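**Q** Quick one: structure below, then a few questions.
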Amino acid sequence: MERWSGILRVPLYPNSRACYKVAVSLCLSSSSKTPTVPSANAIFFNGDRVEGTGNPVIERLSDLSRIAEVLVSKLGVSVNAWVIDASNFNGPFAIYKDFIPSVNKWGEPQSYDATGFPASTSIASLLLNCVKEAENAIPEPREHNQDGVSTSDLDQPKTLLFGFSKGGTVLNQLLSELGSLESKSTENPCLANGLHTPTKNNNPITPTSKEALLNSIAEIHYVDVGLNSSGAYLSDRNVIEGISKRVTQGGSRIRFVFHGTPRQWCDSMRVWIREEKDTLVRLLKLKAERSAGRLEVCERIYFAGKTANLQMHFEVIEVMDVS
C-alpha cells in the first residue's frame with residue numbers, strides 16, 4: 001500500500017490563532033493516489049521538548065516524522081499515524097490547554113473534568129482539519145475518484161491512542177470523557193457537532209465527532225508517562241467504573257498497555273508516578289477480571305536493571321512492544 005507522509009501545521013478551528021504541528025503518515029489508494037480508509041488511526045500525543053542534548057537517539061526520537069514511521073512499522077501499513085505536538089509551549093513545557101482546560105502554566109493538569117468533552121471534541125476537529133490539509137498537499141490523483149477520499153472498508157476505523165511522557169495527560173482526559181459518555185451514540189458521526197466528512201459516502205477516515213472518537217477507541221498505550229506533579233495517571237474509581245460498564249454492556253473492547261522505564265517508574269524523587277500507575281493498573285485489572293475478556297490490561301517495563309537516564313525515556317518509543 002502506498003503512503004503519503006508530511007508535517008502539517010493545523011488550526012483547531014478556522015479562526016484559531018494557535019496551530020498544532022502534526023506529523024502525518026496516510027494510507028493511499030494504489031489506483032487513485034488519494035487517502036483511503038485505514039484499518040486504524042494511531043494517534044500519538046507528544047510530551048515536553050528536549051533540545052540540545054547532542055544525543056543522537058534523543059534527537060532522532062524527538063522528530064515527529066520519525067515517530068510516525070515507528071508507529072507504522074509496528075502497527076502495519078494499513079494504519080494511519082498522527083503524531084501531535086501541543087499547540088502551545090512555555091519554554092520546553094507542552095501545554096495541551098484545548099484538550100485539558102485545567103492545565104497550569106507548566107502544562108500540568110489540576111484535574112480531569114469531562115464537562116463539555118473538550119479533548120474528544122477538539123481531537124475530532126483537529127483530525128478532520130488535518131485530513132483537509134493533507135488532501136490539499138497530496139499531488140492530484142492520476143486516475144479516478146475526484147471526490148477525494150477513497151474507501152476500501154465499510155467499517156469505522158479503530159482508534160489506537162498513545163501518550164508519551166506528558167502526552168499521557170491527554171489520555172487521562174479522554175478516559176474521563178469516555179467514562180462519562182452515558183451510552184453508545186447512534187447519531188450519524190459525520191454530522192455531529194457540525195463537522196462534515198470529506199467524503200460523500202459517510203465513510204470518513206477519521207472519527208468526526210466526540211462520540212465517534214470515544215466509541216472507536218480500541219487500545220490505549222501509556223508510554224513512559226510522568227509529570228513533575230501529581231496527575232500523570234488517572235486514578236478516579238468512578239471513571240474506571242464508567243468505562244468498565246460501557247465495555248461489559250456492549251461497548252468496544254479496550255486494551256490498556258503500560259510501557260515504562262526506570263526513568264519514570266523507579267524515580268525516587270517522583271515516587272507518585274509509580275504509585276499512580278500502580279493504582280490505575282490495579283483498578284483496571286479488577287474490572288478486567290469480570291469483563292469476560294472485553295477489557296485487557298498489560299504492563300511492560302524496558303531497560304529493567306539499568307541506571308535511569310533520558311535516552312531510555314525516548315528510546316522506549318522505538319523498542320516498545322505493541323503486540
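Chain labels A, B, ... are given in the sequence in which chains occur in the C-alpha cells; within each chain residues are numbered consecutively from 1, and ligands are likewise numbered from 1 in the order shown.
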Tell me, as a VMD selection string, which residues lie within 12 Å of Cys19 of chain A, counting only C-alpha atoms; anything in the same chain fewer than 2 positions away does not count.

**A** chain A and resid 8 to 17 21 to 22 84 to 89 96 98 126 129 to 130

**Q** Run DSSP on the backbone and give me the residues of segment 28-277 of chain A it puts in strand (DSSP E or B), as an MDAnalysis selection string.

**A** chainID A and resid 28 35:36 40:45 79:84 88:90 93:95 150 158:164 217:223 254:260

**Q** Determine which residues of segment 233-265 of chain A DSSP labels as helix (DSSP H, G or I) from the backbone of this structure, then write them out as a PyMOL selection string.

**A** chain A and resi 237-248+262-265

**Q** Which residue out of A:Ala304, A:Ile123, A:Ile138, A:Val50 has the minimum interatomic distance to Leu28 of chain A when only C-alpha atoms are used?

**A** A:Ile138

**Q** I'd like the interatomic distance between atom CA of Glu2 of chain A and atom CA of Thr36 of chain A, to a tenth of an Å.

**A**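 If I compute the distance from atom CA of Glu2 of chain A to atom CA of Thr36 of chain A, I get 10.0 Å.
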